[in-house]
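Q: The file below is query-v2.txt, compact mmCIF, C-alpha atoms (C1' of nucleotides):
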```
# COMPACT_ATOMS: atom_id res chain seq x y z
CA MET S 1 -31.06 10.38 45.50
CA GLY S 2 -32.08 8.70 42.36
CA ASN S 3 -30.55 11.47 40.32
CA ARG S 4 -28.80 9.96 37.37
CA GLY S 5 -26.72 12.99 36.54
CA ARG S 6 -29.35 14.57 34.37
CA THR S 7 -29.69 18.25 34.96
CA ASN S 8 -31.84 19.06 31.99
CA ASP S 9 -35.25 18.90 33.37
CA TYR S 10 -38.08 21.32 33.29
CA ASP S 11 -41.24 21.94 35.18
CA GLN S 12 -44.73 22.90 34.25
CA ILE S 13 -43.99 26.60 34.13
CA ASP S 14 -41.10 25.95 31.75
CA ALA S 15 -43.52 23.96 29.64
CA ARG S 16 -45.90 26.87 29.51
CA ILE S 17 -43.09 29.24 28.60
CA MET S 18 -42.00 26.94 25.80
CA GLU S 19 -45.50 26.79 24.43
CA LEU S 20 -45.43 30.55 24.19
CA VAL S 21 -42.01 31.00 22.60
CA GLN S 22 -42.62 28.18 20.17
CA GLU S 23 -45.25 30.46 18.67
CA ASN S 24 -43.35 33.70 19.12
CA ASN S 25 -39.93 34.08 20.63
CA ARG S 26 -39.99 37.86 20.46
CA LEU S 27 -42.39 38.15 23.34
CA THR S 28 -40.84 40.19 26.11
CA SER S 29 -40.18 38.42 29.37
CA ASP S 30 -42.59 40.85 30.91
CA VAL S 31 -45.44 39.54 28.79
CA ILE S 32 -44.37 35.96 29.30
CA GLY S 33 -44.19 36.52 33.04
CA GLU S 34 -47.67 37.95 33.06
CA ARG S 35 -49.05 34.91 31.31
CA VAL S 36 -47.31 32.31 33.43
CA GLY S 37 -47.61 34.17 36.72
CA LEU S 38 -43.95 34.88 37.36
CA SER S 39 -41.66 37.90 37.28
CA ALA S 40 -39.91 38.83 34.07
CA THR S 41 -36.57 38.05 35.68
CA ALA S 42 -37.60 34.54 36.60
CA CYS S 43 -38.83 33.89 33.07
CA GLN S 44 -35.61 35.07 31.59
CA ARG S 45 -33.55 32.94 33.86
CA ARG S 46 -35.68 29.98 32.86
CA LEU S 47 -35.34 30.73 29.18
CA LYS S 48 -31.62 31.06 29.54
CA ARG S 49 -31.39 27.71 31.22
CA LEU S 50 -33.67 26.04 28.70
CA ARG S 51 -31.41 27.34 25.95
CA SER S 52 -28.14 26.38 27.54
CA ASP S 53 -29.50 22.94 28.40
CA GLY S 54 -30.45 22.44 24.79
CA ILE S 55 -34.11 21.96 25.56
CA ILE S 56 -34.65 24.97 23.36
CA GLU S 57 -32.46 24.06 20.43
CA ALA S 58 -32.55 27.23 18.41
CA ASP S 59 -34.25 30.54 17.87
CA VAL S 60 -34.99 31.37 14.29
CA SER S 61 -36.94 33.53 11.92
CA ILE S 62 -39.23 31.75 9.50
CA VAL S 63 -38.98 33.18 6.02
CA SER S 64 -41.84 32.84 3.57
CA ALA S 65 -40.62 30.69 0.70
CA LYS S 66 -43.15 32.27 -1.62
CA ALA S 67 -42.14 35.79 -0.69
CA VAL S 68 -38.50 35.13 -1.53
CA GLY S 69 -39.30 33.75 -4.94
CA ARG S 70 -39.41 30.05 -4.18
CA PRO S 71 -43.05 29.13 -4.74
CA ILE S 72 -42.31 25.53 -5.62
CA GLN S 73 -42.08 23.20 -2.66
CA MET S 74 -41.50 19.50 -2.91
CA LEU S 75 -41.39 16.56 -0.59
CA VAL S 76 -39.11 13.91 -1.96
CA LEU S 77 -38.81 10.31 -0.83
CA VAL S 78 -35.39 8.93 -1.61
CA THR S 79 -34.39 5.29 -1.54
CA LEU S 80 -30.72 4.38 -1.65
CA GLU S 81 -29.33 1.45 -3.59
CA ARG S 82 -27.98 -0.16 -0.48
CA GLU S 83 -28.40 0.63 3.18
CA ARG S 84 -24.78 0.88 4.00
CA ILE S 85 -23.56 3.15 6.76
CA ASP S 86 -20.95 4.86 4.66
CA ILE S 87 -23.40 5.55 1.84
CA ILE S 88 -25.98 6.86 4.26
CA ASP S 89 -23.45 9.13 5.93
CA LYS S 90 -22.26 10.42 2.61
CA PHE S 91 -25.81 11.20 1.58
CA LYS S 92 -26.44 13.00 4.85
CA LYS S 93 -23.48 15.23 4.14
CA GLU S 94 -24.77 15.96 0.68
CA ILE S 95 -28.10 16.97 2.18
CA LYS S 96 -26.40 19.29 4.63
CA SER S 97 -24.42 21.04 1.96
CA SER S 98 -27.32 21.50 -0.43
CA ALA S 99 -28.97 24.88 0.03
CA GLU S 100 -32.09 23.81 -1.84
CA ILE S 101 -32.91 21.21 0.78
CA ALA S 102 -34.60 23.03 3.63
CA THR S 103 -34.73 19.98 5.81
CA GLY S 104 -34.21 16.24 5.62
CA PHE S 105 -35.19 13.20 7.60
CA TYR S 106 -33.49 9.86 7.77
CA ILE S 107 -36.32 7.38 8.06
CA THR S 108 -37.24 3.73 8.08
CA GLY S 109 -40.15 2.40 6.11
CA ASP S 110 -40.90 2.84 2.46
CA ALA S 111 -37.86 4.96 1.81
CA ASP S 112 -34.59 6.01 3.40
CA PHE S 113 -34.88 9.78 3.34
CA LEU S 114 -37.55 12.40 3.10
CA LEU S 115 -36.40 15.77 1.83
CA TYR S 116 -38.15 19.10 1.79
CA ILE S 117 -37.00 21.13 -1.17
CA THR S 118 -37.86 24.60 -2.40
CA ALA S 119 -37.31 25.91 -5.90
CA ARG S 120 -37.82 29.05 -7.93
CA SER S 121 -39.67 27.21 -10.68
CA MET S 122 -40.47 23.76 -11.98
CA GLU S 123 -37.61 24.02 -14.45
CA ASP S 124 -35.27 24.89 -11.63
CA TYR S 125 -36.51 21.96 -9.66
CA GLU S 126 -36.09 19.55 -12.54
CA GLN S 127 -32.64 20.80 -13.26
CA TYR S 128 -31.76 20.46 -9.60
CA THR S 129 -33.03 16.90 -9.32
CA ARG S 130 -31.09 15.89 -12.39
CA ARG S 131 -27.92 17.18 -10.84
CA PHE S 132 -28.57 15.99 -7.33
CA PHE S 133 -30.42 12.70 -7.80
CA TYR S 134 -29.86 11.39 -11.26
CA ASP S 135 -26.14 11.79 -11.24
CA ASN S 136 -25.90 10.01 -7.92
CA PRO S 137 -25.21 6.30 -8.41
CA ASN S 138 -26.17 5.47 -4.84
CA ILE S 139 -29.76 6.49 -5.36
CA LYS S 140 -32.16 3.80 -6.35
CA SER S 141 -35.39 5.71 -6.59
CA VAL S 142 -36.92 9.10 -6.06
CA LYS S 143 -40.57 9.87 -5.54
CA THR S 144 -41.64 13.48 -5.70
CA MET S 145 -44.74 14.90 -4.05
CA VAL S 146 -45.71 18.45 -4.83
CA VAL S 147 -46.65 20.54 -1.83
CA VAL S 148 -49.92 22.30 -2.53
CA ASP S 149 -50.39 23.78 0.87
CA ARG S 150 -48.80 23.83 4.26
CA VAL S 151 -51.53 23.10 6.73
CA LYS S 152 -49.91 24.13 9.96
CA ALA S 153 -47.92 27.30 10.38
CA GLY S 154 -44.96 26.49 12.56
CA PHE S 155 -43.45 23.33 13.89
CA SER S 156 -44.76 23.33 17.42
CA ILE S 157 -44.75 20.22 19.46
CA PRO S 158 -46.98 19.74 22.47
CA ILE S 159 -45.18 20.15 25.75
CA ASP S 160 -46.86 18.34 28.53
CA LEU S 161 -45.86 17.59 32.06
CA PRO S 162 -42.28 16.47 32.33
CA GLU S 163 -41.61 13.06 33.80
CA ASP S 164 -38.58 11.51 35.42
CA ASP S 165 -37.39 9.78 32.31
CA MET P 166 -45.14 50.10 -15.21
CA GLY P 167 -45.74 46.46 -14.81
CA ASN P 168 -46.07 46.98 -11.09
CA ARG P 169 -49.07 45.10 -9.85
CA GLY P 170 -49.34 46.87 -6.54
CA ARG P 171 -46.75 44.77 -4.81
CA THR P 172 -44.65 46.64 -2.34
CA ASN P 173 -43.06 43.69 -0.64
CA ASP P 174 -39.73 43.48 -2.20
CA TYR P 175 -36.32 43.12 -0.75
CA ASP P 176 -32.78 43.76 -1.80
CA GLN P 177 -29.55 41.93 -1.45
CA ILE P 178 -28.82 43.30 2.00
CA ASP P 179 -32.24 42.13 3.18
CA ALA P 180 -31.38 38.73 1.77
CA ARG P 181 -28.17 38.66 3.75
CA ILE P 182 -30.00 39.69 6.90
CA MET P 183 -32.57 36.94 6.41
CA GLU P 184 -29.83 34.38 5.97
CA LEU P 185 -28.53 35.40 9.35
CA VAL P 186 -31.79 35.47 11.28
CA GLN P 187 -32.94 32.23 9.74
CA GLU P 188 -30.11 30.65 11.70
CA ASN P 189 -30.45 32.78 14.80
CA ASN P 190 -32.97 35.52 15.33
CA ARG P 191 -31.50 36.56 18.67
CA LEU P 192 -28.53 38.21 17.06
CA THR P 193 -28.43 41.85 18.03
CA SER P 194 -28.88 44.38 15.28
CA ASP P 195 -25.43 45.56 16.13
CA VAL P 196 -23.93 42.23 15.18
CA ILE P 197 -26.12 41.95 12.11
CA GLY P 198 -25.12 45.46 11.08
CA GLU P 199 -21.49 44.57 11.42
CA ARG P 200 -21.86 41.57 9.17
CA VAL P 201 -23.86 43.26 6.46
CA GLY P 202 -22.04 46.58 6.59
CA LEU P 203 -24.85 48.77 7.86
CA SER P 204 -25.72 50.54 11.09
CA ALA P 205 -27.76 48.70 13.70
CA THR P 206 -30.60 51.14 13.18
CA ALA P 207 -30.80 50.46 9.47
CA CYS P 208 -30.86 46.71 10.07
CA GLN P 209 -33.65 47.06 12.54
CA ARG P 210 -35.76 49.08 10.20
CA ARG P 211 -35.23 46.47 7.54
CA LEU P 212 -36.18 43.65 9.88
CA LYS P 213 -39.26 45.50 10.95
CA ARG P 214 -40.33 45.97 7.37
CA LEU P 215 -39.57 42.37 6.44
CA ARG P 216 -41.77 41.28 9.33
CA SER P 217 -44.65 43.60 8.63
CA ASP P 218 -44.54 42.73 4.93
CA GLY P 219 -44.81 39.06 5.83
CA ILE P 220 -41.53 38.16 4.16
CA ILE P 221 -40.46 37.04 7.58
CA GLU P 222 -43.50 35.04 8.62
CA ALA P 223 -42.71 34.27 12.21
CA ASP P 224 -40.06 34.20 14.89
CA VAL P 225 -39.98 31.07 16.95
CA SER P 226 -38.03 28.94 19.36
CA ILE P 227 -37.28 25.41 18.27
CA VAL P 228 -37.83 22.95 21.09
CA SER P 229 -36.06 19.61 21.13
CA ALA P 230 -38.71 16.93 20.86
CA LYS P 231 -36.45 14.46 22.60
CA ALA P 232 -35.73 16.78 25.49
CA VAL P 233 -39.40 17.27 26.21
CA GLY P 234 -40.12 13.58 26.33
CA ARG P 235 -41.29 12.99 22.79
CA PRO P 236 -38.54 10.79 21.35
CA ILE P 237 -40.82 9.15 18.83
CA GLN P 238 -41.19 11.03 15.57
CA MET P 239 -43.17 9.84 12.63
CA LEU P 240 -43.82 10.92 9.11
CA VAL P 241 -47.20 9.71 7.98
CA LEU P 242 -48.55 9.63 4.46
CA VAL P 243 -52.32 9.81 4.47
CA THR P 244 -54.59 9.05 1.53
CA LEU P 245 -58.21 10.05 1.72
CA GLU P 246 -61.06 7.94 0.38
CA ARG P 247 -62.11 10.58 -2.05
CA GLU P 248 -60.52 13.83 -3.10
CA ARG P 249 -63.47 16.00 -2.33
CA ILE P 250 -62.99 19.61 -1.28
CA ASP P 251 -65.19 19.35 1.78
CA ILE P 252 -63.44 16.21 2.99
CA ILE P 253 -60.05 17.76 2.42
CA ASP P 254 -61.02 20.91 4.27
CA LYS P 255 -62.41 18.93 7.14
CA PHE P 256 -59.21 16.95 7.39
CA LYS P 257 -57.15 20.13 7.36
CA LYS P 258 -59.12 21.38 10.33
CA GLU P 259 -58.54 18.14 12.16
CA ILE P 260 -54.82 18.50 11.56
CA LYS P 261 -54.85 22.03 12.91
CA SER P 262 -56.61 21.04 16.07
CA SER P 263 -54.41 18.04 16.81
CA ALA P 264 -51.54 18.92 19.11
CA GLU P 265 -49.63 15.78 18.23
CA ILE P 266 -49.25 16.86 14.63
CA ALA P 267 -46.33 19.27 14.53
CA THR P 268 -46.87 20.12 10.91
CA GLY P 269 -48.82 18.91 7.90
CA PHE P 270 -48.62 19.26 4.15
CA TYR P 271 -51.36 18.95 1.61
CA ILE P 272 -49.69 17.31 -1.36
CA THR P 273 -50.23 15.78 -4.75
CA GLY P 274 -48.63 12.53 -5.74
CA ASP P 275 -48.70 9.23 -3.95
CA ALA P 276 -50.78 10.52 -1.09
CA ASP P 277 -52.91 13.48 -0.06
CA PHE P 278 -51.23 14.56 3.14
CA LEU P 279 -47.93 14.20 4.86
CA LEU P 280 -47.98 14.65 8.61
CA TYR P 281 -45.16 15.05 11.06
CA ILE P 282 -46.13 13.59 14.39
CA THR P 283 -44.33 13.35 17.71
CA ALA P 284 -45.19 10.97 20.52
CA ARG P 285 -44.03 10.05 23.99
CA SER P 286 -43.78 6.36 23.16
CA MET P 287 -44.72 3.79 20.58
CA GLU P 288 -47.78 2.84 22.58
CA ASP P 289 -48.82 6.46 22.67
CA TYR P 290 -48.35 6.72 18.95
CA GLU P 291 -50.36 3.59 18.26
CA GLN P 292 -53.13 4.71 20.50
CA TYR P 293 -53.14 8.08 18.83
CA THR P 294 -53.28 6.66 15.33
CA ARG P 295 -56.16 4.41 16.27
CA ARG P 296 -58.12 7.38 17.48
CA PHE P 297 -57.12 9.76 14.76
CA PHE P 298 -56.86 7.55 11.69
CA TYR P 299 -58.76 4.37 12.25
CA ASP P 300 -61.89 6.01 13.49
CA ASN P 301 -61.93 8.34 10.52
CA PRO P 302 -64.08 6.94 7.71
CA ASN P 303 -62.64 9.37 5.18
CA ILE P 304 -59.19 7.90 5.41
CA LYS P 305 -58.33 5.24 2.90
CA SER P 306 -54.79 4.43 3.87
CA VAL P 307 -51.99 5.43 6.19
CA LYS P 308 -48.32 4.76 5.73
CA THR P 309 -46.02 5.41 8.64
CA MET P 310 -42.32 6.11 8.38
CA VAL P 311 -40.28 6.24 11.54
CA VAL P 312 -37.91 9.17 11.80
CA VAL P 313 -34.51 7.93 12.83
CA ASP P 314 -32.70 11.18 12.51
CA ARG P 315 -33.27 14.72 11.46
CA VAL P 316 -30.49 15.59 9.09
CA LYS P 317 -30.76 19.34 8.95
CA ALA P 318 -31.23 21.49 12.01
CA GLY P 319 -33.57 24.28 11.05
CA PHE P 320 -35.76 24.98 8.10
CA SER P 321 -33.68 27.50 6.23
CA ILE P 322 -34.35 28.23 2.64
CA PRO P 323 -31.82 29.81 0.35
CA ILE P 324 -32.41 33.47 -0.28
CA ASP P 325 -30.96 34.62 -3.50
CA LEU P 326 -31.26 37.84 -5.42
CA PRO P 327 -34.81 39.08 -5.55
CA GLU P 328 -36.44 39.48 -8.93
CA ASP P 329 -39.39 41.49 -10.17
CA ASP P 330 -41.92 38.75 -9.78
C1' DA B 331 -32.38 55.86 2.90
C1' DC B 332 -28.61 56.02 5.95
C1' DT B 333 -26.10 57.53 10.35
C1' DG B 334 -25.57 58.85 15.09
C1' DA B 335 -27.20 60.48 19.58
C1' DA B 336 -30.72 60.39 22.97
C1' DA B 337 -34.73 58.29 25.02
C1' DA B 338 -37.35 54.25 26.02
C1' DC B 339 -37.39 49.63 26.75
C1' DA B 340 -35.80 44.90 27.83
C1' DA B 341 -32.42 41.67 29.69
C1' DT B 342 -28.96 40.57 33.09
C1' DT B 343 -26.78 40.52 37.49
C1' DG B 344 -26.42 40.88 42.56
C1' DC B 345 -28.61 40.44 46.82
C1' DG B 346 -31.83 39.19 50.52
C1' DA B 347 -35.50 36.04 51.48
C1' DT M 348 -36.01 29.64 43.10
C1' DC M 349 -38.07 33.71 43.69
C1' DG M 350 -38.65 38.99 43.50
C1' DC M 351 -36.73 43.52 43.62
C1' DA M 352 -33.44 47.06 42.41
C1' DA M 353 -29.44 48.49 39.92
C1' DT M 354 -26.71 47.85 35.78
C1' DT M 355 -25.93 46.72 31.29
C1' DG M 356 -27.43 46.17 26.72
C1' DT M 357 -30.83 46.62 22.93
C1' DT M 358 -34.30 48.83 20.33
C1' DT M 359 -36.75 52.88 18.90
C1' DT M 360 -37.26 57.58 17.95
C1' DC M 361 -35.70 61.84 16.20
C1' DA M 362 -32.82 65.22 13.93
C1' DG M 363 -29.39 65.90 10.44
C1' DT M 364 -27.01 64.59 6.07
```
Produce structure tokens that represent the structure in this file.
A:
Amino acid sequence: MGNRGRTNDYDQIDARIMELVQENNRLTSDVIGERVGLSATACQRRLKRLRSDGIIEADVSIVSAKAVGRPIQMLVLVTLERERIDIIDKFKKEIKSSAEIATGFYITGDADFLLYITARSMEDYEQYTRRFFYDNPNIKSVKTMVVVDRVKAGFSIPIDLPEDD
Amino acid sequence: MGNRGRTNDYDQIDARIMELVQENNRLTSDVIGERVGLSATACQRRLKRLRSDGIIEADVSIVSAKAVGRPIQMLVLVTLERERIDIIDKFKKEIKSSAEIATGFYITGDADFLLYITARSMEDYEQYTRRFFYDNPNIKSVKTMVVVDRVKAGFSIPIDLPEDD
DNA sequence: ACTGAAAACAATTGCGA
DNA sequence: TCGCAATTGTTTTCAGT
């Protein structure tokens, strides 16, 4: 009763497991099981479910931008000329197909998009922005912030007790 | 000659492997080997080296913020009162120890830091900002941008031919 | 530095509770 | 949903090229 068709739910043990694999997803289920007080099998079943339910969205390796010759990292606030759905959607597609953009956010507030861009050098970056931003008539303004330092390693979010939401 | 003691280098096959595991690090070495034209064993040795050399920094699961009850995501530009090393370092530590902050960047430009914050609700977020920002005398200004949409899934960076850098 | 086979290890599946 | 045991699959090691 009261179930609204939602199957993707998780309990406190799942939460603990996610905290672990958010830091390191190469931990063996044995180790995970040890830490959460469950058998390896149970942990694996839980992980499998979390993945197929989309609670765990992806499993990825993080590559060091510096180590692969991209020491320049920029955060770029982009404002479009007009906030029209079709223009926004077009810009989203352009973001997706641009390798230089590691990630992008569609936002509300001072700007419309925030982009995280890596480049091999300042010249590269400038050349890229000319191509990508300047030649784009839908873009009103661009504000670049140079990343000096990434303060937190990963991208972990806190996972607290699930609620019936 | 000209070698400054750097051993961490990678070749084009490594680059191809990294492209793959940046998307999905649970691919078996067998599959990776197939795609790059190498035996599974060779791929695994390469991955091991890439990891121990720090070219691959980490291997993590990406958890859906929405699915774990944190539908509110914010990007926050923070400007400190004064750009003094000790104040900056102190703020970095505060970022590190705050679970709500998924990641943070120390930047130059319009602000000093950009933070990515998740929250269970708007009230939660407001309460958090009061505690974290308002009560902090070193903070001059805070500008919040609401994340409507994340445009790109992961955090992949392009990996092109390595150079002697 | 690669391949391929064997050994070691981890994940998955089936079953009884 | 769990744990255990058996199976399947993956990674690691080792010898050979």
Q: Can you pull out every residue within 10 Å of Leu203 of chain P, counting all atoms listed in the file, but drop anything in the same chain fewer than 4 positions away, and send it as a VMD selection string?
A: (chain P and resid 178 194 to 199 207 to 208) or (chain B and resid 332 to 333)
Q: Taking only C-alpha atoms (C1' of nucleotides) into account, report as an MDAnalysis selection string which residues of chain B lie within 12 Å of chain S.
A: chainID B and resid 339:343
Q: So that I can check the surroundings of Phe297 of chain P, please list as a list in words every protein, DNA and RNA residue that reaches within 9 Å of it, counting only C-alpha atoms (C1' of nucleotides) and ignoring chain neighbours fewer than 5 positions away.
A: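 The neighbour list is Glu259, Ser263 and Gln292 of chain P.
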Q: Just how far from atom CA of Met239 of chain P is atom CA of Lys258 of chain P, in Å to one decimal?
A: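 So the two atoms, atom CA of Lys258 of chain P and atom CA of Met239 of chain P, lie 19.8 Å apart.
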Q: With only C-alpha atoms considered, list every residue of chain S at most 8 Å from chain P, as a PyMOL selection string.
A: chain S and resi 8+18+21-26+54-65+67-69+92+95-96+99-110+118+144-160+162-163+165
Q: With all atoms listed in the file considered, list every residue of chain M at most 12 Å from chain S, as a CSV table (one decimal) with C-alpha atoms (C1' of nucleotides), in the coordinates of the input.
A:
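Contents of the output file out-v8.csv:
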```
chain,number,residue,atom,x,y,z
M,348,DT,C1',-36.0,29.6,43.1
M,349,DC,C1',-38.1,33.7,43.7
M,350,DG,C1',-38.6,39.0,43.5
M,351,DC,C1',-36.7,43.5,43.6
M,352,DA,C1',-33.4,47.1,42.4
```
Q: Please indicate the distance in Å from atom CA of Lys305 of chain P to atom CA of Arg247 of chain P, rounded to one decimal place.
A: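 Computing it gives 8.2 Å between the two atoms.
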Q: I'd like the interatomic distance between atom C1' of DG356 of chain M and atom CA of Gly37 of chain S, to a tenth of an Å.
A: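 Between atom C1' of DG356 of chain M and atom CA of Gly37 of chain S the gap is 25.5 Å.
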Q: Given the point (-40.1, 50.2, 22.6) in the coordinates of this file, which residues lie within 8 Å, counting all atoms listed in the file, and how would they look as a PyMOL selection string?
A: (chain B and resi 338-339) or (chain M and resi 358-359)
Q: For the residues in the current selection, export C-alpha atoms (C1' of nucleotides) as a PDB file, in the coordinates of the input.
A:
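File produced: part00.pdb:
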```pdb
ATOM      1  C1'  DA B 338     -37.350  54.250  26.020  1.00  0.00           C
ATOM      2  C1'  DC B 339     -37.390  49.630  26.750  1.00  0.00           C
TER       3       DC B 339
ATOM      4  C1'  DT M 358     -34.300  48.830  20.330  1.00  0.00           C
ATOM      5  C1'  DT M 359     -36.750  52.880  18.900  1.00  0.00           C
TER       6       DT M 359
END
```
Q: Given the point (-36.2, 63.0, 13.1) in the coordinates of this file, which residues lie within 12 Å, counting only C-alpha atoms (C1' of nucleotides), and how would they look as a list in words?
A: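 Neighbouring residues, ordered by chain and number, come to DT333, DG334, DA335 and DA336 of chain B; DT359, DT360, DC361, DA362, DG363 and DT364 of chain M.
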Q: Based on the selection just made, write C-alpha atoms (C1' of nucleotides) of those residues as a short mmCIF file (atom, residue, chain, number, x, y, z; two decimals), in the frame of the given file.
A:
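Output contents, as saved in part-v7.cif:
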```cif
data_model
loop_
_atom_site.label_atom_id
_atom_site.label_comp_id
_atom_site.auth_asym_id
_atom_site.auth_seq_id
_atom_site.Cartn_x
_atom_site.Cartn_y
_atom_site.Cartn_z
"C1'" DT B 333 -26.10 57.53 10.35
"C1'" DG B 334 -25.57 58.85 15.09
"C1'" DA B 335 -27.20 60.48 19.58
"C1'" DA B 336 -30.72 60.39 22.97
"C1'" DT M 359 -36.75 52.88 18.90
"C1'" DT M 360 -37.26 57.58 17.95
"C1'" DC M 361 -35.70 61.84 16.20
"C1'" DA M 362 -32.82 65.22 13.93
"C1'" DG M 363 -29.39 65.90 10.44
"C1'" DT M 364 -27.01 64.59 6.07
#
```
